[in-house]
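Q: I have a structure here, written as structure tokens, and I will follow up with some questions on it.
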Amino acid sequence: MSTKVTISEVGPRDGLQSLAQVMPLSAKKAWIAAEAAAGVGEIEVGSFVPKKLLPQMADTAQLVAFAKTLPNLEVAVLVPNLRGAERAIEAGADKISIPFSMSETHSLNNVRKNHARMLEEIRAIADLVNQQPTKSRPYFEVGLSTAFGCTMEGPISADAVTRLAEKTIAAGAMELCLSDTTGYANPAQVRNLSKQVKNAVGANKLNSLHLHNTRGLGLANVVAGLEAGITTFDASLCGLGGCPFAPGASGNIVTEDLAFMLNAMGLDCGIDLDALLKVRTILANALPDEPLYGFTADAGVPLGYLSSSQSAAAS
């Protein structure tokens, strides 16, 4: 198990995309800046989708430009297609990710493409990325969504996911992320599928998990991922978010709870938990009608708690 773990904050994208209310641009900037200052090293600031579909994401290019001014921050965005990738590259994103649903039914509902057409889209984006100058070339990740099950199709076989993972790498993806879009995963499934896909595509081609806490298994699934060699985990501040095109897919892992658990386990995620908890105020003020989640914020840290960085300093 690696002692260095990355938390990728996806709240400004996945947390906001399913809300009816649009968070003001100034509040989004304050949120991103405060999390970066707290030590979060990667933030997915938005997605390049048509405004008519997700008006909450209309200011993504502005957020990329702002986030690029913050030191030591990997600026990530989600794209649905080649056009979105073109816009992301034009904006200067450091990392672009496209969702490739392992459920063909979900894929058709989410991006209007079957598996064959999605692989063509991935290949086209990979070609576009490779055409960029080396110094400004974004990192291209493909998120294998509904990898653990789908609200429309039910279970997705591990072998089917593995075959599509191999095809995705062959199409030019630099890296994969297994995504529990619908909150179906359990720890044994996370551990086994992560190992199976790593064995198929190469251990360095699968380092990330996107997990939901829909049925209370989010953090348990993180531990299973750690045991399988995963080193990056998506999470959303205050637990905001879900997929608007997968009914019932609520409940991102709470960033604060994940940071607390990793620190308590002696793993280094580089985050100042006290500073991170204070960022919640920005969301509470900007989204007064939205429920905010988080056990650590409610209960506080236990007496004698030290983050991994504090433990290292004390020793």
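Within each chain, counting starts at residue 1; across the structure tokens, chains are named A, B, ... in the order shown, with ligands numbered 1 upward in that order.
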Using only C-alpha atoms, determine which residues lie at most 12 Å from A:Lys195, disregarding the query and same-chain residues fewer than 5 positions distant; provide the list as a PyMOL selection string.
A: chain A and resi 158+162+178+188-190+200-207+224-230
Q: Set the distance at 8 Å and use only C-alpha atoms: which residues neighbour A:Gly143 once local chain neighbours fewer than 6 positions away are removed? I'd like the list as a ChimeraX atom specification.
A: /A:97-101,176-179
Q: With DSSP run on the backbone, what are the alpha helix (DSSP H) residues within stretch 128-258 of chain A? I'd like them as a ChimeraX atom specification.
A: /A:128-130,158-170,187-201,218-227,255-258
Q: With distances taken over only C-alpha atoms, which residue among A:Lys198, A:Arg280, A:Lys52, A:Arg83 lies nearest A:Ile32?
A: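 With only C-alpha atoms as the atom set, the closest residue is A:Arg280.
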Q: Considering only C-alpha atoms, return as a PDB file with C-alpha atoms, in the first residue's frame whatever protein or nucleic-acid residues lie within 8 Å of A:Met174, sequence-local ones (same chain, fewer than 5 positions apart) excluded.
A:
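The file below, out-v7.pdb, is the result:
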ATOM      1  CA  TYR A 139      -2.953  14.243 -19.635  1.00  0.00           C
ATOM      2  CA  PHE A 140      -5.733  12.119 -21.140  1.00  0.00           C
ATOM      3  CA  GLU A 141      -7.662   9.815 -18.827  1.00  0.00           C
ATOM      4  CA  VAL A 142     -10.725   7.721 -19.609  1.00  0.00           C
ATOM      5  CA  ILE A 169      -5.804   1.720 -23.804  1.00  0.00           C
ATOM      6  CA  LYS A 205      -2.443   2.386 -16.476  1.00  0.00           C
TER       7      LYS A 205
END
Q: With a distance cut-off of 8 Å and only C-alpha atoms, select the neighbouring residues of A:Glu9, excluding the residue or stretch itself and same-chain residues fewer than 3 positions from it, and output the selection as a ChimeraX atom specification.
A: /A:12,40,42-44,234-237,255
Q: Here is a test: counting only C-alpha atoms, which residue of A:Gly41, A:Ala85, A:Gly15, A:Gln21 is nearest to A:Gly270?
A: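 Of all the options, A:Gly41 lies closest to A:Gly270.
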Q: Can you check which residues of stretch 80-312 of chain A DSSP gives as strand (DSSP E) on the backbone and send them as a short mmCIF file (atom, residue, chain, number, x, y, z; two decimals) with C-alpha atoms, in the first residue's frame?
A:
data_model
loop_
_atom_site.label_atom_id
_atom_site.label_comp_id
_atom_site.auth_asym_id
_atom_site.auth_seq_id
_atom_site.Cartn_x
_atom_site.Cartn_y
_atom_site.Cartn_z
CA LYS A 95 -5.89 16.93 -17.51
CA ILE A 96 -8.92 15.92 -19.53
CA SER A 97 -11.16 12.97 -18.79
CA ILE A 98 -13.93 11.45 -20.86
CA PRO A 99 -16.53 9.04 -19.43
CA PHE A 100 -16.84 5.72 -21.23
CA SER A 101 -19.76 3.79 -19.79
CA TYR A 139 -2.95 14.24 -19.64
CA PHE A 140 -5.73 12.12 -21.14
CA GLU A 141 -7.66 9.82 -18.83
CA VAL A 142 -10.72 7.72 -19.61
CA GLY A 143 -13.19 7.06 -16.82
CA LEU A 144 -14.77 3.62 -17.14
CA SER A 145 -18.13 4.60 -15.72
CA GLU A 175 -4.69 6.07 -18.07
CA LEU A 176 -7.98 4.62 -16.82
CA CYS A 177 -10.20 5.34 -13.85
CA LEU A 178 -12.76 2.81 -12.61
CA SER A 179 -15.97 4.64 -11.75
CA LEU A 206 -4.99 2.16 -13.65
CA ASN A 207 -4.34 4.34 -10.61
CA SER A 208 -7.71 6.01 -9.94
CA LEU A 209 -11.14 5.21 -8.56
CA HIS A 210 -14.29 7.33 -8.64
CA THR A 232 -5.89 8.39 -6.51
CA PHE A 233 -9.46 8.74 -5.31
CA ASP A 234 -12.13 11.19 -6.43
CA ALA A 235 -14.21 12.90 -3.75
#
Q: If you measure from atom CA of A:Gln62 to atom CA of A:Met118, what distance in Å do you get, rounded to one decimal?
A: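 Value for the atom CA of A:Gln62-atom CA of A:Met118 distance: 27.7 Å.
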Q: Can you pull out the residues contacting A:Ala34? Cut-off 10 Å, using only C-alpha atoms, and skip same-chain residues under 5 positions away; I want them as a list of chain:residue names.
A: A:Lys28, A:Lys29, A:Gly39, A:Val40, A:Ala275, A:Leu276, A:Lys278, A:Val279, A:Arg280, A:Ile282
